[in-house]
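Notes to accompany the following structure.
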2 protein chains.
Amino acid sequence: MLENKNHSKTPIKNLGEFALIDHITKGFTIENESSRYGIGDDAAVLDHGKDPTLISTDLLIEGIHFDLSYMPLKHLGYKAVVVNISDIYAMNSIPKQITVSVAISNRFTLEAIEELYKGINLACKNYKIDLVGGDTSSSVTGLIISISVLGSAPKKKIVKRNGAKENDLLVVSGDLGGAYTGLQILEREKAVFKVNPNTQPDLSKYTYCIERQLKPEARKDVIELLDELEIIPTSMIDISDGLSSEILHLSKASEVGFHLFEEKIPIDPEVSMTSEEFKLNSTTSALNGGEDYELLFTINQKDFEKIKNHPFLSVIGHASDLKGGCKLITGLGHQIELSAQGWQSFT
Amino acid sequence: MLENKNHSKTPIKNLGEFALIDHITKGFTIENESSRYGIGDDAAVLDHGKDPTLISTDLLIEGIHFDLSYMPLKHLGYKAVVVNISDIYAMNSIPKQITVSVAISNRFTLEAIEELYKGINLACKNYKIDLVGGDTSSSVTGLIISISVLGSAPKKKIVKRNGAKENDLLVVSGDLGGAYTGLQILEREKAVFKVNPNTQPDLSKYTYCIERQLKPEARKDVIELLDELEIIPTSMIDISDGLSSEILHLSKASEVGFHLFEEKIPIDPEVSMTSEEFKLNSTTSALNGGEDYELLFTINQKDFEKIKNHPFLSVIGHASDLKGGCKLITGLGHQIELSAQGWQSFT
């Protein structure tokens with residue numbers, strides 16, 4: 001069957017802001033009782049009952065945080081939501097509502113914005129989040145997305161960064177380094193494409209890494225698992241900037257040191273193989289790569305039996321004396337001081 | 001006394017993101033009991049007790065929403081907060097917390113960002129708001145500010161756009177058209193400055209209009225007054241896009257028409273005089289200018305006695321049959337259909 005290449009494209013200025021908001025929010029339904037009064041007034045009204053409200057916010061800018069040459073708009077919308085709600089899960093809490101503000105330059109058509117919101121909508125459906133507000137405007141260059149997420153949890157279940165105690169176990173969900181390795185593959189293909197736009201790359205052997213970069217998921221399942229196992233972590237953070245940087249955050253907030261065992265860091269075989277191809281050390285990708293959005297947390301040793309051998313969770317170290325600092329213990333027993341080489345937007 | 005022109009300027013990249021956040025949030029103190037756990041974790045934790053939480057969000061982009069050639073950064077920070085909290089007051093509620101995300105290009109120094117946050121901090125102090133989160137990153141071009149504001153109010157006091165009933169009185173606070181007129185003055189001075197950079201303009205006779213544009217205030221006092229007078233408006237909105245556009249919003253949400261009396265629209269004498277100088281009709285500035293951040297609301301006629309002759313409040317019309325539409329009644333008794341010509345970022 002022949003494809004119809006004559007897609008009609010609609011300039012945004014044909015609609016105006018209010019019609020655009022009406023149009024893009026049409027496909028959204030309300031999932032939470034607490035989103036009592038959403039889009040269409042000066043503010044959204046939310047009812048979190050007696051539980052505290054949590055809020056987190058992120059600003060994503062084309063050319064700084066994402067590259068549309070390999071990031072499809074639908075994936076971008078999905079990822080923008082996931083990155084934000086991950087911060088609420090990292091407090092052992094449940095995200096409930098988001099507001100999304102989008103600014104676009106005149107190179108974006110209505111169809112492009114629809115793609116973006118399809119991804120946002122899919123993430124909302126998958127994670128049972130309600131879109132309750134936001135705005136749209138034009139930008140001077142490129143696409144800008146600002147998302148705020150609201151959540152709630154019973155006061156006694158909220159986990160901060162500051163509760164780790166000496167000898168607590170350091171646990172991470174899933175595996176690490178995949179998103180960074182995926183980024184290396186996409187950057188290489190972009191460079192190849194620039195030289196020869198007719199190449200059709202075979203990326204099938206990199207599926208996992210590329211998916212980790214383009215369509216990350218937030219670990220809602222881990223929060224549900226912890227609840228089921230009746231574990232309240234003593235401290236928790238999500239891995240956005242790399243394991244190293246996040247361990248240092250927990251250390252600073254909790255006033256403890258950490259011992260991290262290199263051999264225990266969970267790394268997918270595809271990540272190891274691809275790292276070799278790129279002459280990267282996969283431990284370095286896990287430590288400094290970032291964007292995995294796994295959860296890193298500490299638990300009291302008494303909870304060890306409950307998580308032992310769980311396929312999602314790896315014990316990778318333990319909290320120690322603050323004076324000892326944060327150390328990576330290599331396979332050969334060497335100790336290396338951890339440093340934050342996470343993603344730095346200003347350098 | 002000679003001015004020391006040798007100010008030291010600090011490039012942002014000398015600090016990095018985490019140090020920058022620490023630095024700019026140092027001067028902020030927590031004002032509200034409900035901001036229990038603010039900056040420095042994945043999310044802020046807020047306790048609004050049994051009252052619903054309200055959220056509103058705005059994205060401000062250099063070259064689209066503001067012009068730094070006449071907007072000092074401190075004023076910009078102040079205005080960015082005011083514009084946002086005005087949306088919470090417009091729900092008859094009290095703003096309590098904000099998150100501020102800022103993206104900056106490399107032309108901004110640390111000192112410039114400090115100026116911006118001085119304005120944000122001043123607004124927080126004046127309105128008793130707590131800064132509880134946000135992030136900073138670099139931008140490709142110019143300055144981008146994204147603010148979300150959270151507030152709360154007892155459920156029965158929250159006022160939406162949809163409660164106006166036929167014969168309710170239409171009331172506006174303060175006076176209108178000033179911010180738009182101020183913008184005309186500043187745009188003219190910018191054009192003059194381009195031609196002759198040595199001109200020293202005398203703007204003293206435009207003080208009120210320029211202040212309305214550069215340093216607007218949100219009508220916290222009106223919300224407090226309504227509480228004192230035991231008036232709960234039947235519908236309410238803040239005037240960001242111009243009186244005309246806002247009346248149409250109330251009309252659509254409440255399913256009523258409106259009669260607006262031209263002679264009753266409050267306009268400051270400086271606005272009238274300056275409008276004449278610019279060959280503008282001051283009614284048009286009030287109807288379509290926007291950015292006045294006054295409150296527009298409807299009240300039941302039984303509450304008229306309570307507000308009659310109040311210096312802050314003007315009754316400018318009343319709600320009518322939906323079928324009659326929204327009409328401006330001129331001094332000569334002509335009826336003109338209102339249309340939304342408010343600020344359109346896409347045209």
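Naming scheme: A, B, ... for chains in displayed order of the structure tokens; residues 1 onward per chain; ligands 1 onward as shown.
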For chain A against chain B, which residues fall within 8 Å using only C-alpha atoms, given as number ranges by chain?
A: 12-13, 16-17, 41-59, 61-64, 87-88, 90-91, 99, 101-103, 133-135, 137-141, 146, 148, 160-161, 237-238, 344-347
Pairwise distance for CA of Gly317 in chain A and CA of Glu228 in chain A, rounded to one decimal in Å
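So the two atoms, CA of Gly317 in chain A and CA of Glu228 in chain A, lie 23.3 Å apart.
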Every residue of range 139-213 of chain B that DSSP places in helix (DSSP H, G or I), as a ChimeraX atom specification
/B:155-157,178-195,204-213
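For Ala123 in chain B, the residues within 9 Å (counting only C-alpha atoms, excluding itself and residues fewer than 6 positions away along the chain) are Gly77, Tyr78, Lys79, Val81, Val82 and Ile129 of chain B.
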Can you list, as a ChimeraX atom specification, every protein, DNA or RNA residue that comes within 12 Å of Phe278 in chain A when you count only C-alpha atoms, leaving out same-chain residues fewer than 6 positions away?
/A:180-185,187-188,271-272,285
Distance CA of Pro154 in chain B-CA of Ala218 in chain B, one decimal place?
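Interatomic distance, CA of Pro154 in chain B to CA of Ala218 in chain B: 20.4 Å.
The two atoms in question, CA of Ser339 in chain B and CA of Cys326 in chain B, are spaced 8.5 Å apart.
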Excluding Leu116 in chain B and any residue of its chain fewer than 6 positions from it, enumerate the residues within 10 Å of it, using only C-alpha atoms, and give them as a PDB file with C-alpha atoms, in the first residue's frame.
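Saved to selection.pdb:
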```
ATOM      1  CA  ILE B  24      20.786  31.910  45.419  1.00  0.00           C
ATOM      2  CA  PRO B  72      15.520  45.457  35.440  1.00  0.00           C
ATOM      3  CA  LEU B  73      16.193  41.877  36.586  1.00  0.00           C
ATOM      4  CA  LYS B  74      15.082  42.560  40.151  1.00  0.00           C
ATOM      5  CA  HIS B  75      11.732  43.871  38.891  1.00  0.00           C
ATOM      6  CA  LEU B  76      11.443  40.874  36.592  1.00  0.00           C
ATOM      7  CA  GLY B  77      11.914  38.469  39.521  1.00  0.00           C
ATOM      8  CA  TYR B  78       9.315  40.373  41.529  1.00  0.00           C
ATOM      9  CA  ALA B  80       7.288  36.795  37.813  1.00  0.00           C
ATOM     10  CA  VAL B 102      15.479  29.345  35.801  1.00  0.00           C
ATOM     11  CA  LEU B 110      26.136  35.293  38.904  1.00  0.00           C
TER      12      LEU B 110
END
```
